[in-house]
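S.K.: You'll find query_4.csv just under this line, and it carries CSV, C-alpha atoms and all ligand atoms.
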```
chain,number,residue,atom,x,y,z
A,1,MET,CA,-47.6,-11.8,38.5
A,2,PRO,CA,-43.9,-10.9,38.4
A,3,SER,CA,-41.4,-13.6,39.3
A,4,ASP,CA,-39.6,-13.4,42.6
A,5,SER,CA,-36.5,-12.3,40.8
A,6,ALA,CA,-38.1,-9.2,39.2
A,7,LEU,CA,-36.4,-5.9,40.0
A,8,ARG,CA,-38.8,-4.0,42.3
A,9,ILE,CA,-38.9,-0.3,41.5
A,10,ILE,CA,-40.8,2.0,43.9
A,11,TRP,CA,-42.0,5.5,42.8
A,12,ILE,CA,-42.8,7.5,45.9
A,13,TYR,CA,-45.7,9.8,46.1
A,14,PRO,CA,-46.7,10.6,42.4
A,15,ASP,CA,-49.6,12.6,43.9
A,16,LEU,CA,-47.2,15.0,45.7
A,17,LEU,CA,-43.7,15.0,44.2
A,18,SER,CA,-43.6,14.6,40.4
A,19,THR,CA,-42.6,17.9,38.7
A,20,TYR,CA,-40.8,18.4,35.5
A,21,GLY,CA,-41.4,14.9,34.2
A,22,ASP,CA,-39.3,13.3,37.0
A,23,GLN,CA,-41.5,10.2,36.6
A,24,GLY,CA,-39.6,9.6,33.4
A,25,ASN,CA,-36.8,8.3,35.8
A,26,VAL,CA,-39.1,5.3,36.4
A,27,LEU,CA,-39.5,4.6,32.7
A,28,VAL,CA,-35.8,4.9,32.0
A,29,LEU,CA,-34.9,2.5,34.8
A,30,GLU,CA,-37.5,0.0,33.7
A,31,GLN,CA,-36.4,0.1,30.1
A,32,ARG,CA,-32.7,-0.2,30.8
A,33,ALA,CA,-33.4,-3.2,33.0
A,34,GLN,CA,-35.8,-4.8,30.5
A,35,ARG,CA,-33.4,-4.3,27.5
A,36,ARG,CA,-31.0,-6.5,29.4
A,37,GLY,CA,-33.6,-9.2,30.1
A,38,ILE,CA,-34.2,-8.2,33.7
A,39,GLU,CA,-37.9,-8.3,34.6
A,40,THR,CA,-39.3,-5.3,36.5
A,41,GLU,CA,-42.2,-4.7,38.8
A,42,THR,CA,-43.1,-1.0,39.5
A,43,THR,CA,-45.2,0.2,42.4
A,44,TYR,CA,-46.6,3.7,42.4
A,45,VAL,CA,-47.0,4.5,46.1
A,46,ARG,CA,-49.5,7.3,46.7
A,47,SER,CA,-49.0,9.4,49.9
A,48,ALA,CA,-52.0,7.8,51.7
A,49,ASP,CA,-50.4,4.4,51.3
A,50,PRO,CA,-47.5,2.7,53.1
A,51,VAL,CA,-44.1,2.6,51.5
A,52,PRO,CA,-43.1,-1.1,50.9
A,53,GLU,CA,-39.8,-1.9,52.4
A,54,THR,CA,-38.7,-4.7,50.1
A,55,GLY,CA,-38.1,-2.6,46.9
A,56,ASP,CA,-34.8,-2.7,45.1
A,57,VAL,CA,-34.7,0.9,43.7
A,58,TYR,CA,-36.7,3.8,45.2
A,59,LEU,CA,-37.3,7.0,43.2
A,60,ILE,CA,-38.7,10.3,44.4
A,61,GLY,CA,-39.1,13.5,42.5
A,62,GLY,CA,-39.3,17.3,42.8
A,63,GLY,CA,-42.2,19.4,44.0
A,64,GLU,CA,-43.5,22.6,45.3
A,65,ASP,CA,-42.9,23.7,48.9
A,66,ARG,CA,-46.3,22.6,50.4
A,67,PRO,CA,-46.4,19.1,48.9
A,68,GLN,CA,-42.8,18.7,49.9
A,69,ILE,CA,-43.6,19.4,53.5
A,70,LEU,CA,-46.5,17.0,53.4
A,71,ALA,CA,-44.4,14.3,51.8
A,72,ALA,CA,-41.7,14.7,54.5
A,73,GLU,CA,-44.3,14.4,57.3
A,74,ARG,CA,-45.9,11.3,55.8
A,75,LEU,CA,-42.6,9.5,55.0
A,76,ARG,CA,-41.4,10.2,58.5
A,77,ARG,CA,-44.5,8.8,60.0
A,78,ASP,CA,-44.6,5.8,57.7
A,79,GLY,CA,-41.0,4.6,58.2
A,80,GLY,CA,-41.1,2.2,55.2
A,81,LEU,CA,-38.4,4.2,53.3
A,82,HIS,CA,-36.1,4.2,56.4
A,83,ARG,CA,-36.5,0.4,56.6
A,84,ALA,CA,-35.9,-0.1,52.9
A,85,ILE,CA,-32.7,2.0,53.0
A,86,ALA,CA,-31.5,0.1,56.1
A,87,ARG,CA,-32.0,-3.1,54.1
A,88,GLY,CA,-29.6,-1.8,51.4
A,89,ALA,CA,-32.1,-0.5,48.8
A,90,ALA,CA,-30.8,1.9,46.1
A,91,MET,CA,-32.4,5.3,45.8
A,92,LEU,CA,-32.4,8.4,43.5
A,93,ALA,CA,-33.9,11.5,45.2
A,94,VAL,CA,-34.4,14.6,43.0
A,95,CYS,CA,-34.7,18.2,44.1
A,96,ALA,CA,-37.5,18.4,46.7
A,97,GLY,CA,-37.1,14.7,47.2
A,98,TYR,CA,-33.3,15.3,47.7
A,99,GLN,CA,-33.9,18.0,50.3
A,100,ILE,CA,-36.4,15.8,52.2
A,101,MET,CA,-33.7,13.1,52.6
A,102,GLY,CA,-31.7,15.5,54.9
A,103,SER,CA,-32.1,16.6,58.5
A,104,THR,CA,-34.0,19.8,57.6
A,105,PHE,CA,-35.1,21.9,54.7
A,106,GLY,CA,-36.6,25.3,54.2
A,107,GLY,CA,-40.4,25.6,54.1
A,108,GLU,CA,-42.6,28.1,52.2
A,109,GLU,CA,-41.4,31.0,54.4
A,110,GLY,CA,-38.0,29.6,54.8
A,111,GLN,CA,-38.9,28.1,58.2
A,112,PRO,CA,-36.9,24.9,59.0
A,113,VAL,CA,-38.9,21.7,58.4
A,114,ASP,CA,-37.8,18.3,59.6
A,115,GLY,CA,-36.5,15.9,56.9
A,116,LEU,CA,-36.0,12.2,57.1
A,117,GLY,CA,-32.4,12.2,58.3
A,118,LEU,CA,-31.5,9.6,55.7
A,119,LEU,CA,-28.7,11.7,54.2
A,120,ASP,CA,-26.2,13.8,56.2
A,121,ILE,CA,-27.3,17.1,54.5
A,122,ALA,CA,-29.3,20.1,55.5
A,123,SER,CA,-31.0,22.5,53.2
A,124,THR,CA,-32.1,26.2,53.6
A,125,ARG,CA,-33.5,28.8,51.3
A,126,GLY,CA,-30.9,30.3,49.1
A,127,PRO,CA,-30.6,34.0,48.1
A,128,ALA,CA,-32.3,33.5,44.7
A,129,ARG,CA,-34.1,30.8,42.7
A,130,ALA,CA,-31.7,28.7,40.7
A,131,VAL,CA,-33.2,28.1,37.3
A,132,GLY,CA,-31.4,26.9,34.2
A,133,GLU,CA,-29.1,24.2,32.8
A,134,LEU,CA,-26.8,22.3,35.1
A,135,VAL,CA,-23.7,20.5,34.1
A,136,ALA,CA,-21.5,18.7,36.6
A,137,GLU,CA,-18.4,16.6,36.6
A,138,VAL,CA,-18.7,13.4,38.7
A,139,ASP,CA,-16.7,12.2,41.6
A,140,ALA,CA,-14.0,9.9,40.0
A,141,THR,CA,-14.8,6.9,42.2
A,142,LEU,CA,-18.3,6.6,40.6
A,143,ASN,CA,-16.8,6.5,37.1
A,144,LEU,CA,-19.8,8.3,35.5
A,145,PRO,CA,-19.7,10.7,32.5
A,146,THR,CA,-20.5,14.4,33.0
A,147,LEU,CA,-24.0,14.9,34.2
A,148,THR,CA,-26.5,17.2,32.5
A,149,GLY,CA,-29.9,18.4,33.3
A,150,PHE,CA,-31.8,21.5,34.4
A,151,GLU,CA,-32.6,22.9,37.8
A,152,ASN,CA,-35.4,25.0,39.4
A,153,HIS,CA,-35.1,25.4,43.1
A,154,MET,CA,-34.9,28.0,45.9
A,155,GLY,CA,-33.1,25.7,48.3
A,156,VAL,CA,-29.3,25.4,48.8
A,157,THR,CA,-27.9,22.2,50.4
A,158,HIS,CA,-25.1,21.9,52.9
A,159,LEU,CA,-23.2,18.5,52.9
A,160,GLY,CA,-22.2,16.9,56.2
A,161,PRO,CA,-19.2,14.5,56.6
A,162,GLY,CA,-21.5,11.5,56.2
A,163,VAL,CA,-22.0,12.1,52.4
A,164,LYS,CA,-19.8,12.7,49.4
A,165,PRO,CA,-20.5,15.3,46.7
A,166,LEU,CA,-21.9,13.6,43.6
A,167,SER,CA,-20.3,16.0,41.3
A,168,LYS,CA,-18.6,19.4,40.8
A,169,THR,CA,-20.7,22.0,39.3
A,170,LEU,CA,-19.4,23.3,35.9
A,171,ARG,CA,-22.6,25.3,35.0
A,172,GLY,CA,-25.5,26.2,37.2
A,173,VAL,CA,-25.9,26.3,41.0
A,174,GLY,CA,-26.6,22.7,42.3
A,175,ASN,CA,-26.0,22.5,46.0
A,176,GLY,CA,-24.9,26.2,46.0
A,177,ASP,CA,-21.4,25.3,47.3
A,178,GLY,CA,-19.7,24.4,44.0
A,179,PHE,CA,-21.0,20.9,44.1
A,180,GLU,CA,-24.1,19.2,42.7
A,181,GLY,CA,-25.9,16.5,44.6
A,182,CYS,CA,-24.4,13.9,47.0
A,183,TYR,CA,-24.3,10.2,47.7
A,184,ALA,CA,-23.9,7.8,50.6
A,185,GLY,CA,-24.0,4.1,50.3
A,186,HIS,CA,-26.6,3.3,47.6
A,187,VAL,CA,-28.5,6.6,48.0
A,188,VAL,CA,-28.0,9.4,45.4
A,189,GLY,CA,-29.5,12.9,45.8
A,190,THR,CA,-29.4,15.5,43.0
A,191,TYR,CA,-31.0,18.7,41.8
A,192,LEU,CA,-31.0,17.4,38.2
A,193,HIS,CA,-34.3,17.3,36.3
A,194,GLY,CA,-34.5,16.3,32.7
A,195,PRO,CA,-35.5,13.7,33.8
A,196,ALA,CA,-32.1,13.0,35.3
A,197,LEU,CA,-31.9,9.3,34.1
A,198,ALA,CA,-33.0,10.2,30.6
A,199,ARG,CA,-30.3,12.8,30.3
A,200,ASN,CA,-27.8,10.5,32.1
A,201,PRO,CA,-28.4,6.9,31.4
A,202,ALA,CA,-25.1,5.9,33.1
A,203,LEU,CA,-26.6,7.1,36.4
A,204,ALA,CA,-29.6,4.7,35.8
A,205,ASP,CA,-27.1,1.9,35.2
A,206,LEU,CA,-25.2,2.8,38.4
A,207,LEU,CA,-28.5,2.4,40.4
A,208,LEU,CA,-29.3,-0.9,38.6
A,209,SER,CA,-25.8,-2.3,39.1
A,210,TRP,CA,-26.0,-1.7,42.9
A,211,ARG,CA,-28.9,-4.1,42.9
A,212,VAL,CA,-28.1,-6.6,40.2
A,213,GLY,CA,-24.3,-6.5,39.8
A,214,ASP,CA,-22.5,-6.2,36.4
A,215,LEU,CA,-24.7,-5.1,33.5
A,216,ALA,CA,-24.4,-6.0,29.8
A,217,PRO,CA,-23.5,-3.0,27.7
A,218,LEU,CA,-26.3,-1.4,25.7
A,219,ASP,CA,-26.1,0.5,22.4
A,220,ASP,CA,-26.6,4.1,23.5
A,221,SER,CA,-25.2,5.8,20.4
A,222,ARG,CA,-28.5,7.6,19.6
A,223,PHE,CA,-28.8,9.0,23.2
A,224,GLU,CA,-25.1,9.8,23.3
A,225,ALA,CA,-25.3,12.0,20.3
A,226,LEU,CA,-28.1,14.0,21.8
A,227,ARG,CA,-26.2,14.2,25.2
A,228,GLN,CA,-23.1,15.6,23.4
A,229,GLU,CA,-25.2,18.1,21.5
A,230,ARG,CA,-26.7,19.4,24.8
A,231,LEU,CA,-23.5,19.4,26.6
A,232,ASN,CA,-21.7,21.3,23.8
A,233,THR,CA,-24.5,23.9,23.7
A,234,VAL,CA,-24.5,24.6,27.4
A,235,MET,CA,-20.7,24.6,27.8
A,236,SER,CA,-20.2,27.0,24.9
A,237,ARG,CA,-22.4,29.7,26.5
A,301,LIG,N1,-39.4,23.4,46.8
A,301,LIG,C1,-38.0,23.2,46.7
A,301,LIG,C2,-37.1,24.4,46.4
A,301,LIG,O1,-37.6,25.3,45.8
A,301,LIG,C3,-37.8,22.1,45.6
A,301,LIG,C4,-38.1,22.6,44.2
A,301,LIG,C5,-38.2,21.4,43.2
A,301,LIG,O2,-38.3,20.3,43.6
A,301,LIG,N2,-38.1,21.8,41.9
A,301,LIG,O3,-36.0,24.4,46.7
```
Could you take the file, read its structure, and then write that structure out as structure tokens?

M.R.:
Amino acid sequence: MPSDSALRIIWIYPDLLSTYGDQGNVLVLEQRAQRRGIETETTYVRSADPVPETGDVYLIGGGEDRPQILAAERLRRDGGLHRAIARGAAMLAVCAGYQIMGSTFGGEEGQPVDGLGLLDIASTRGPARAVGELVAEVDATLNLPTLTGFENHMGVTHLGPGVKPLSKTLRGVGNGDGFEGCYAGHVVGTYLHGPALARNPALADLLLSWRVGDLAPLDDSRFEALRQERLNTVMSR
């Protein structure tokens, strides 16, 4: 059994929302905690099961339109994620998972579907599918290096006054308004796949630090070289 002090990671609905290897976000978070001697306990919550409200970091991934609608319905009915966020849990929501966090998003035919209302955003269907590499420069207050990843979505996301843009889009579409993703409190939403935390380990550390405080530095030189290679390739196009 994990000790009481273990960092509790919750992966929401692997049976509905887990495209493009987004589950890798769980592995990166676990490893970056464990490499610092922080014990972790991960719970995979299937959509038939209740979402525990006492987790530290919640992760949700991308998905197709139909599973996205089902996930939104079940999470609304369940209420566990709402209670967890109200208790101060950290969260990373990716693509379909990001859209679900808002007030509404576009369904299969573009019809508005109710979201969870946990972020002040609303998504609709955009004019064309956004597919390709995404590079974005992060809001200075978060002090993160440039974000990289790839995107594949029809939706565009409008930010309300209750959230801040996560980053400014340098390549790709992101929210569709010149920005990519958003954050409010300890909740981050993004269109980045890759998985996002493998491509951007500093984002994983931000989520961890929100729960455990200052983190010991890690030797990331191997990953950093790969990151730079990717960034240079995309930016030189
Ligand atoms: N179904 C959503 C859209 O197309 C999300 C897609 C995804 O998660 N990759 O906008």

S.K.: List as a PyMOL selection string the protein and nucleic acid residues lying within 10 Å of ligand LIG 301 (chain A), with only C-alpha atoms and all ligand atoms counted.

M.R.: chain A and resi 17-20+22+61-69+93-100+105-108+110+123-126+128-131+150-157+191-193

S.K.: Mind dumping the selected residues with C-alpha atoms as a PDB file, in the frame of the given file?

M.R.:
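What landed in result-v1.pdb:
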```pdb
ATOM      1  CA  LEU A  17     -43.700  15.000  44.200  1.00  0.00           C
ATOM      2  CA  SER A  18     -43.600  14.600  40.400  1.00  0.00           C
ATOM      3  CA  THR A  19     -42.600  17.900  38.700  1.00  0.00           C
ATOM      4  CA  TYR A  20     -40.800  18.400  35.500  1.00  0.00           C
ATOM      5  CA  ASP A  22     -39.300  13.300  37.000  1.00  0.00           C
ATOM      6  CA  GLY A  61     -39.100  13.500  42.500  1.00  0.00           C
ATOM      7  CA  GLY A  62     -39.300  17.300  42.800  1.00  0.00           C
ATOM      8  CA  GLY A  63     -42.200  19.400  44.000  1.00  0.00           C
ATOM      9  CA  GLU A  64     -43.500  22.600  45.300  1.00  0.00           C
ATOM     10  CA  ASP A  65     -42.900  23.700  48.900  1.00  0.00           C
ATOM     11  CA  ARG A  66     -46.300  22.600  50.400  1.00  0.00           C
ATOM     12  CA  PRO A  67     -46.400  19.100  48.900  1.00  0.00           C
ATOM     13  CA  GLN A  68     -42.800  18.700  49.900  1.00  0.00           C
ATOM     14  CA  ILE A  69     -43.600  19.400  53.500  1.00  0.00           C
ATOM     15  CA  ALA A  93     -33.900  11.500  45.200  1.00  0.00           C
ATOM     16  CA  VAL A  94     -34.400  14.600  43.000  1.00  0.00           C
ATOM     17  CA  CYS A  95     -34.700  18.200  44.100  1.00  0.00           C
ATOM     18  CA  ALA A  96     -37.500  18.400  46.700  1.00  0.00           C
ATOM     19  CA  GLY A  97     -37.100  14.700  47.200  1.00  0.00           C
ATOM     20  CA  TYR A  98     -33.300  15.300  47.700  1.00  0.00           C
ATOM     21  CA  GLN A  99     -33.900  18.000  50.300  1.00  0.00           C
ATOM     22  CA  ILE A 100     -36.400  15.800  52.200  1.00  0.00           C
ATOM     23  CA  PHE A 105     -35.100  21.900  54.700  1.00  0.00           C
ATOM     24  CA  GLY A 106     -36.600  25.300  54.200  1.00  0.00           C
ATOM     25  CA  GLY A 107     -40.400  25.600  54.100  1.00  0.00           C
ATOM     26  CA  GLU A 108     -42.600  28.100  52.200  1.00  0.00           C
ATOM     27  CA  GLY A 110     -38.000  29.600  54.800  1.00  0.00           C
ATOM     28  CA  SER A 123     -31.000  22.500  53.200  1.00  0.00           C
ATOM     29  CA  THR A 124     -32.100  26.200  53.600  1.00  0.00           C
ATOM     30  CA  ARG A 125     -33.500  28.800  51.300  1.00  0.00           C
ATOM     31  CA  GLY A 126     -30.900  30.300  49.100  1.00  0.00           C
ATOM     32  CA  ALA A 128     -32.300  33.500  44.700  1.00  0.00           C
ATOM     33  CA  ARG A 129     -34.100  30.800  42.700  1.00  0.00           C
ATOM     34  CA  ALA A 130     -31.700  28.700  40.700  1.00  0.00           C
ATOM     35  CA  VAL A 131     -33.200  28.100  37.300  1.00  0.00           C
ATOM     36  CA  PHE A 150     -31.800  21.500  34.400  1.00  0.00           C
ATOM     37  CA  GLU A 151     -32.600  22.900  37.800  1.00  0.00           C
ATOM     38  CA  ASN A 152     -35.400  25.000  39.400  1.00  0.00           C
ATOM     39  CA  HIS A 153     -35.100  25.400  43.100  1.00  0.00           C
ATOM     40  CA  MET A 154     -34.900  28.000  45.900  1.00  0.00           C
ATOM     41  CA  GLY A 155     -33.100  25.700  48.300  1.00  0.00           C
ATOM     42  CA  VAL A 156     -29.300  25.400  48.800  1.00  0.00           C
ATOM     43  CA  THR A 157     -27.900  22.200  50.400  1.00  0.00           C
ATOM     44  CA  TYR A 191     -31.000  18.700  41.800  1.00  0.00           C
ATOM     45  CA  LEU A 192     -31.000  17.400  38.200  1.00  0.00           C
ATOM     46  CA  HIS A 193     -34.300  17.300  36.300  1.00  0.00           C
TER      47      HIS A 193
END
```

S.K.: Please produce, as CSV, a per-residue contact table for range 57-145 of chain A versus range 232-236 of chain A (criterion: any atom at most 12 Å away, all atoms listed in the file considered), showing the nearest atom pair and its distance in Å to one decimal, sorted by chain then residue number.

M.R.:
```
residue,atom,partner,partner_atom,distance
A:Gly132,CA,A:Val234,CA,10.0
A:Glu133,CA,A:Val234,CA,7.1
A:Leu134,CA,A:Val234,CA,8.4
A:Val135,CA,A:Val234,CA,7.9
A:Ala136,CA,A:Met235,CA,10.6
```

S.K.: List every protein, DNA or RNA residue that has an atom no more than 10 Å from (-37.8, -12.8, 41.7) in the file's coordinate frame, counting all atoms listed in the file, and report them as a list in words.

M.R.: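 Taken together, the residues in range are Pro2, Ser3, Asp4, Ser5, Ala6, Leu7, Arg8, Ile38, Glu39, Thr40 and Glu41 of chain A.
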
S.K.: For the residues selected in the previous step, produce a file with C-alpha atoms as a PDB file, in the frame of the given file.

M.R.:
```pdb
ATOM      1  CA  PRO A   2     -43.900 -10.900  38.400  1.00  0.00           C
ATOM      2  CA  SER A   3     -41.400 -13.600  39.300  1.00  0.00           C
ATOM      3  CA  ASP A   4     -39.600 -13.400  42.600  1.00  0.00           C
ATOM      4  CA  SER A   5     -36.500 -12.300  40.800  1.00  0.00           C
ATOM      5  CA  ALA A   6     -38.100  -9.200  39.200  1.00  0.00           C
ATOM      6  CA  LEU A   7     -36.400  -5.900  40.000  1.00  0.00           C
ATOM      7  CA  ARG A   8     -38.800  -4.000  42.300  1.00  0.00           C
ATOM      8  CA  ILE A  38     -34.200  -8.200  33.700  1.00  0.00           C
ATOM      9  CA  GLU A  39     -37.900  -8.300  34.600  1.00  0.00           C
ATOM     10  CA  THR A  40     -39.300  -5.300  36.500  1.00  0.00           C
ATOM     11  CA  GLU A  41     -42.200  -4.700  38.800  1.00  0.00           C
TER      12      GLU A  41
END
```

S.K.: Write out as a PyMOL selection string the residues lying within 12 Å of Leu119 in chain A, counting all atoms listed in the file and excluding same-chain residues fewer than 6 positions away.

M.R.: chain A and resi 82+85+91-93+97-104+157-165+181-190

S.K.: How would the residues just picked look written out with C-alpha atoms as a short mmCIF file (atom, residue, chain, number, x, y, z; two decimals), keeping the file's coordinate frame?

M.R.:
```
data_model
loop_
_atom_site.label_atom_id
_atom_site.label_comp_id
_atom_site.auth_asym_id
_atom_site.auth_seq_id
_atom_site.Cartn_x
_atom_site.Cartn_y
_atom_site.Cartn_z
CA HIS A 82 -36.10 4.20 56.40
CA ILE A 85 -32.70 2.00 53.00
CA MET A 91 -32.40 5.30 45.80
CA LEU A 92 -32.40 8.40 43.50
CA ALA A 93 -33.90 11.50 45.20
CA GLY A 97 -37.10 14.70 47.20
CA TYR A 98 -33.30 15.30 47.70
CA GLN A 99 -33.90 18.00 50.30
CA ILE A 100 -36.40 15.80 52.20
CA MET A 101 -33.70 13.10 52.60
CA GLY A 102 -31.70 15.50 54.90
CA SER A 103 -32.10 16.60 58.50
CA THR A 104 -34.00 19.80 57.60
CA THR A 157 -27.90 22.20 50.40
CA HIS A 158 -25.10 21.90 52.90
CA LEU A 159 -23.20 18.50 52.90
CA GLY A 160 -22.20 16.90 56.20
CA PRO A 161 -19.20 14.50 56.60
CA GLY A 162 -21.50 11.50 56.20
CA VAL A 163 -22.00 12.10 52.40
CA LYS A 164 -19.80 12.70 49.40
CA PRO A 165 -20.50 15.30 46.70
CA GLY A 181 -25.90 16.50 44.60
CA CYS A 182 -24.40 13.90 47.00
CA TYR A 183 -24.30 10.20 47.70
CA ALA A 184 -23.90 7.80 50.60
CA GLY A 185 -24.00 4.10 50.30
CA HIS A 186 -26.60 3.30 47.60
CA VAL A 187 -28.50 6.60 48.00
CA VAL A 188 -28.00 9.40 45.40
CA GLY A 189 -29.50 12.90 45.80
CA THR A 190 -29.40 15.50 43.00
#
```

S.K.: Quote the spacing between CA of Ala196 in chain A and CA of Gly115 in chain A in Å to one decimal place.

M.R.: 22.2 Å

S.K.: How far is it from CA of Ala86 in chain A to CA of Glu137 in chain A, in Å with one decimal?

M.R.: 28.7 Å

S.K.: Identify, on the basis of only C-alpha atoms, every residue whose closest approach to range 197-208 of chain A does not exceed 7 Å; exclude the query and any residue fewer than 3 positions from it along the same chain; express the result as a list in words.

M.R.: Asn25, Val28, Leu29, Ala90, Leu144, Leu147, Thr148, Gly149, Gly194, Arg211, Val212 and Arg227 of chain A

S.K.: Mind pulling up the distance from CA of Thr169 in chain A to CA of Pro195 in chain A?

M.R.: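 Value for the CA of Pro195 in chain A-CA of Thr169 in chain A distance: 17.8 Å.
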
S.K.: Restricting the calculation to all atoms listed in the file, which member of A:Ala84, A:Leu75, A:Leu27, A:Ala33 is positioned closest to Ala48 in chain A?

M.R.: A:Leu75

S.K.: Measuring atom to atom with all atoms listed in the file, identify which of A:Gly117, A:Gly176, A:Gly55, A:Pro50 is nearest to Asp78 in chain A.

M.R.: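 Of the candidates, the smallest distance to Asp78 in chain A is held by A:Pro50.
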
S.K.: Compare A:Leu226, A:Leu142, A:Leu215, A:Leu16 by their minimum atom-to-atom distance to Gln34 in chain A, counting only C-alpha atoms, and give me the closest one.

M.R.: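 Checking each candidate against Gln34 in chain A, we get A:Leu215 as the closest.
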
S.K.: From the set A:Arg76, A:Arg36, A:Ala89, A:Arg46, which residue has the shortest atom-to-atom contact distance to Trp210 in chain A, counting only C-alpha atoms?

M.R.: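 Between A:Arg76, A:Arg36, A:Ala89, A:Arg46, the residue approaching Trp210 in chain A most closely is A:Ala89.
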